[in-house]
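Pasting final_13.cif here (mmCIF, C-alpha atoms):
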data_work
loop_
_atom_site.label_atom_id
_atom_site.label_comp_id
_atom_site.auth_asym_id
_atom_site.auth_seq_id
_atom_site.Cartn_x
_atom_site.Cartn_y
_atom_site.Cartn_z
CA MET A 1 135.17 111.27 98.44
CA SER A 2 133.44 108.05 99.44
CA ILE A 3 131.85 109.76 102.44
CA LYS A 4 130.32 112.33 100.10
CA ARG A 5 128.91 109.56 97.93
CA ILE A 6 127.44 107.75 100.91
CA ALA A 7 125.89 110.98 102.19
CA LEU A 8 124.40 111.65 98.75
CA ALA A 9 123.02 108.11 98.56
CA LEU A 10 121.45 108.46 102.00
CA PHE A 11 119.94 111.82 101.08
CA LEU A 12 118.45 110.52 97.82
CA GLY A 13 117.16 107.44 99.62
CA CYS A 14 115.32 109.59 102.16
CA VAL A 15 113.83 111.78 99.43
CA LEU A 16 112.86 109.06 96.96
CA ALA A 17 111.84 106.20 99.25
CA PRO A 18 108.42 107.57 100.28
CA MET A 19 107.44 108.23 96.66
CA SER A 20 108.59 104.82 95.47
CA GLN A 21 106.15 103.22 97.91
CA ALA A 22 103.27 105.08 96.33
CA GLN A 23 101.54 102.98 93.75
CA ILE A 24 98.39 101.24 92.66
CA LYS A 25 98.38 97.92 94.47
CA HIS A 26 95.27 96.20 93.19
CA ILE A 27 92.36 96.75 90.82
CA GLU A 28 89.11 94.81 90.84
CA MET A 29 86.49 95.15 88.16
CA ARG A 30 82.93 93.90 88.39
CA LEU A 31 81.91 92.85 84.92
CA GLU A 32 78.64 92.40 83.08
CA GLY A 33 78.01 90.61 79.83
CA MET A 34 80.64 87.90 80.23
CA THR A 35 79.77 84.54 78.71
CA MET B 1 89.58 89.56 77.78
CA LYS B 2 92.09 88.15 80.25
CA GLN B 3 94.76 88.17 77.55
CA SER B 4 93.88 91.68 76.44
CA LEU B 5 94.12 93.02 79.97
CA GLY B 6 97.33 91.10 80.57
CA ARG B 7 98.95 92.73 77.54
CA GLN B 8 98.48 96.23 78.94
CA SER B 9 101.55 97.97 80.24
CA GLY B 10 101.98 97.78 83.97
CA VAL B 11 99.84 94.67 84.36
CA GLN B 12 101.49 91.76 86.14
CA LYS B 13 98.63 89.34 86.57
CA VAL B 14 94.94 89.08 85.67
CA GLU B 15 92.47 86.68 87.20
CA VAL B 16 88.99 86.53 85.71
CA SER B 17 86.20 84.76 87.56
CA LEU B 18 83.28 83.83 85.36
CA LEU B 19 81.41 82.66 88.43
CA ASN B 20 81.68 85.95 90.27
CA GLY B 21 81.84 88.15 87.17
CA THR B 22 84.99 89.86 88.36
CA ALA B 23 88.46 90.56 87.06
CA ASP B 24 91.30 91.03 89.52
CA VAL B 25 94.28 92.91 88.17
CA THR B 26 97.63 92.89 89.96
CA PRO B 27 99.81 95.77 88.75
CA LYS B 28 103.55 95.64 88.30
CA GLU B 29 105.59 97.91 90.50
CA ASP B 30 106.64 100.04 87.54
CA GLY B 31 103.66 102.37 87.98
CA GLN B 32 102.69 102.12 84.31
CA ILE B 33 99.19 100.76 84.83
CA ASP B 34 96.36 103.01 83.64
CA PRO B 35 92.90 102.19 85.06
CA VAL B 36 91.16 104.20 82.33
CA LYS B 37 92.84 102.08 79.64
CA LEU B 38 91.68 98.92 81.41
CA LEU B 39 88.08 100.13 81.20
CA GLY B 40 88.49 100.67 77.47
CA VAL B 41 90.12 97.26 76.96
CA ALA B 42 87.28 95.54 78.84
CA TYR B 43 84.74 97.32 76.66
CA ASP B 44 86.60 96.35 73.49
CA SER B 45 86.49 92.74 74.69
CA GLY B 46 82.70 92.89 74.70
CA VAL B 47 82.01 93.24 78.40
CA THR B 48 80.72 96.13 80.44
CA VAL B 49 82.54 97.23 83.56
CA ALA B 50 79.84 97.84 86.15
CA GLU B 51 82.28 98.94 88.80
CA MET B 52 86.00 99.37 89.30
CA ASP B 53 87.59 99.35 92.76
CA MET B 54 91.21 100.21 93.40
CA THR B 55 93.59 99.83 96.30
CA ALA B 56 96.40 102.32 96.15
CA GLU B 57 99.05 103.93 98.26
CA GLY B 58 99.98 107.54 97.84
CA LYS B 59 100.17 111.02 99.24
CA ILE B 60 97.24 113.34 99.77
CA VAL B 61 97.66 116.51 97.74
CA LYS B 62 95.53 119.45 96.69
CA ASP B 63 95.23 120.18 92.99
CA ALA B 64 95.20 123.61 91.40
CA SER B 65 91.47 123.93 92.10
CA GLY B 66 91.93 123.08 95.75
CA ASN B 67 90.40 119.62 95.41
CA LEU B 68 91.90 116.74 97.35
CA ALA B 69 93.66 114.06 95.34
CA LEU B 70 95.60 110.88 95.94
CA GLN B 71 98.99 111.10 94.22
CA VAL B 72 100.16 107.59 93.35
CA GLU B 73 102.95 108.60 91.00
CA PRO B 74 104.79 111.89 90.55
CA ASN B 75 102.75 112.51 87.41
CA ARG B 76 99.53 110.71 88.28
CA SER B 77 96.88 111.53 90.83
CA PHE B 78 93.23 110.71 91.31
CA GLU B 79 90.83 113.38 92.51
CA LEU B 80 88.97 112.29 95.63
CA ALA B 81 85.19 112.34 95.62
CA PRO B 82 84.12 114.24 98.73
CA ASN B 83 82.88 112.05 101.56
CA GLU B 84 83.49 111.60 105.27
CA LEU B 85 86.65 109.54 104.74
CA SER B 86 88.22 111.97 102.29
CA SER B 87 87.47 114.85 104.67
CA GLY B 88 89.37 112.97 107.36
CA LEU B 89 92.44 112.93 105.12
CA GLU B 90 92.43 116.65 104.40
CA SER B 91 94.89 117.38 107.21
CA LEU B 92 97.46 115.16 105.43
CA ALA B 93 97.42 117.26 102.25
CA GLY B 94 100.88 118.45 101.37
CA THR B 95 102.60 116.28 103.98
CA GLN B 96 104.94 113.34 103.37
CA THR B 97 102.48 110.94 104.99
CA THR B 98 101.37 108.17 102.66
CA VAL B 99 98.03 106.44 102.98
CA THR B 100 96.75 103.16 101.63
CA VAL B 101 93.13 103.42 100.62
CA ARG B 102 90.54 101.24 98.91
CA GLY B 103 88.08 103.11 96.82
CA GLN B 104 85.66 103.03 93.96
CA LEU B 105 87.18 104.57 90.86
CA TYR B 106 84.32 103.96 88.45
CA LYS B 107 80.71 102.94 88.57
CA GLU B 108 78.53 102.46 85.53
CA PRO B 109 75.97 105.26 85.36
CA ALA B 110 72.45 104.03 86.07
CA GLY B 111 70.41 103.35 82.95
CA LYS B 112 73.37 103.40 80.56
CA LYS B 113 74.59 100.18 79.02
CA LYS B 114 77.45 99.30 76.70
CA LYS B 115 78.85 102.77 76.37
CA LYS B 116 82.55 103.02 75.84
CA VAL B 117 84.45 104.54 78.73
CA ASP B 118 86.73 106.93 76.99
CA THR B 119 86.63 109.89 79.24
CA PRO B 120 89.34 112.52 79.04
CA VAL B 121 88.22 113.68 82.51
CA PRO B 122 90.11 111.99 85.34
CA LEU B 123 88.03 109.50 87.28
CA LYS B 124 87.16 110.43 90.84
CA LEU B 125 88.14 108.08 93.61
CA LEU B 126 85.41 107.51 96.19
CA ILE B 127 87.24 106.29 99.28
CA LEU B 128 85.55 103.27 100.86
CA GLU B 129 88.23 102.41 103.40
CA VAL B 130 91.46 103.91 104.72
CA GLU B 131 93.65 100.90 105.33
CA LYS B 132 96.91 102.40 106.52
CA LYS B 133 98.70 105.66 107.21
CA ASN B 134 102.49 105.79 107.07
CA ARG B 135 104.36 108.76 108.43
#

Please, can you express the file's structure as structure tokens?
Amino acid sequence: MSIKRIALALFLGCVLAPMSQAQIKHIEMRLEGMT
Amino acid sequence: MKQSLGRQSGVQKVEVSLLNGTADVTPKEDGQIDPVKLLGVAYDSGVTVAEMDMTAEGKIVKDASGNLALQVEPNRSFELAPNELSSGLESLAGTQTTVTVRGQLYKEPAGKKKKKVDTPVPLKLLILEVEKKNR
């Protein structure tokens, strides 16, 4: 039973890990009209 | 404006430089940040966003129209503006390879001032630099 759970966890990790890395890391805005 | 930007979902930190006229936004890792909303919030704070640059990691995909896009979340992608760098990424479309790119997401149209950015059309990402490819 525990082997099945470990295998499932490994499988999900392989599938989900690449997508979890995807993200917006930084945003920079150049602004006008600031006082 | 710093407080307004900081209140937006997905925003971890905001640093505004009056000297340079820039605002640096560090997103949280929850993927909730919405660049279009940030443009609107900046406008509502009384400033004009002349340009917005973004660094993001994601997969290269092709949308229904066959245009290349950077998918940063399962339900969020940015269409790539065609240029030499985006053409170089075309071979990665549909693969599991992730790329980290820096690009220009918005630039104020020439001759237009103080117009609210409230576009329902997704912004196009003009890639300025491909920083990293991860297979």

Show me, as number ranges by chain, the residues that have an atom within 12 Å of segment 92-95 of chain B when counting all atoms listed in the file, minus same-chain residues fewer than 5 positions from it. A: 18-19; B: 58-63, 66-71, 80, 86-87, 133-135

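Across the structure, atom CA of Leu128 of chain B and atom CA of Leu85 of chain B are spaced 7.5 Å apart.
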
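Between atom CA of Leu38 of chain B and atom CA of Ile27 of chain A lies a distance of 9.7 Å.
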
Residues of chain B within 9 Å of chain A, counting all atoms listed in the file - could you list those as JSON, numbers by chain? {"B": [18, 20, 21, 22, 23, 24, 25, 26, 27, 28, 29, 30, 31, 33, 35, 39, 42, 46, 47, 48, 49, 50, 51, 52, 53, 54, 55, 56, 57, 58, 59, 71, 72, 73, 74, 96, 97, 98, 99, 100, 102]}

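Proximity ranking of B:Ala110, B:Leu105, B:Val14, B:Val41 relative to Leu125 of chain B places B:Leu105 first, based on all atoms listed in the file.
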
What does the distance between atom CA of Asp44 of chain B and atom CA of Leu123 of chain B come to in Å, to one decimal place? 19.1 Å

Segment 21-34 of chain B: axis-aligned bounding box, 3 Å on each side, centre and edge lengths in Å, one decimal, as lines of an AutoDock Vina configuration file:
center_x = 94.2
center_y = 95.6
center_z = 87.1
size_x = 30.8
size_y = 20.9
size_z = 12.9

Looking at all atoms listed in the file, which of B:Leu89, B:Glu84, B:Gln8, B:Leu126 is the one that sits closest to Gln104 of chain B? B:Leu126
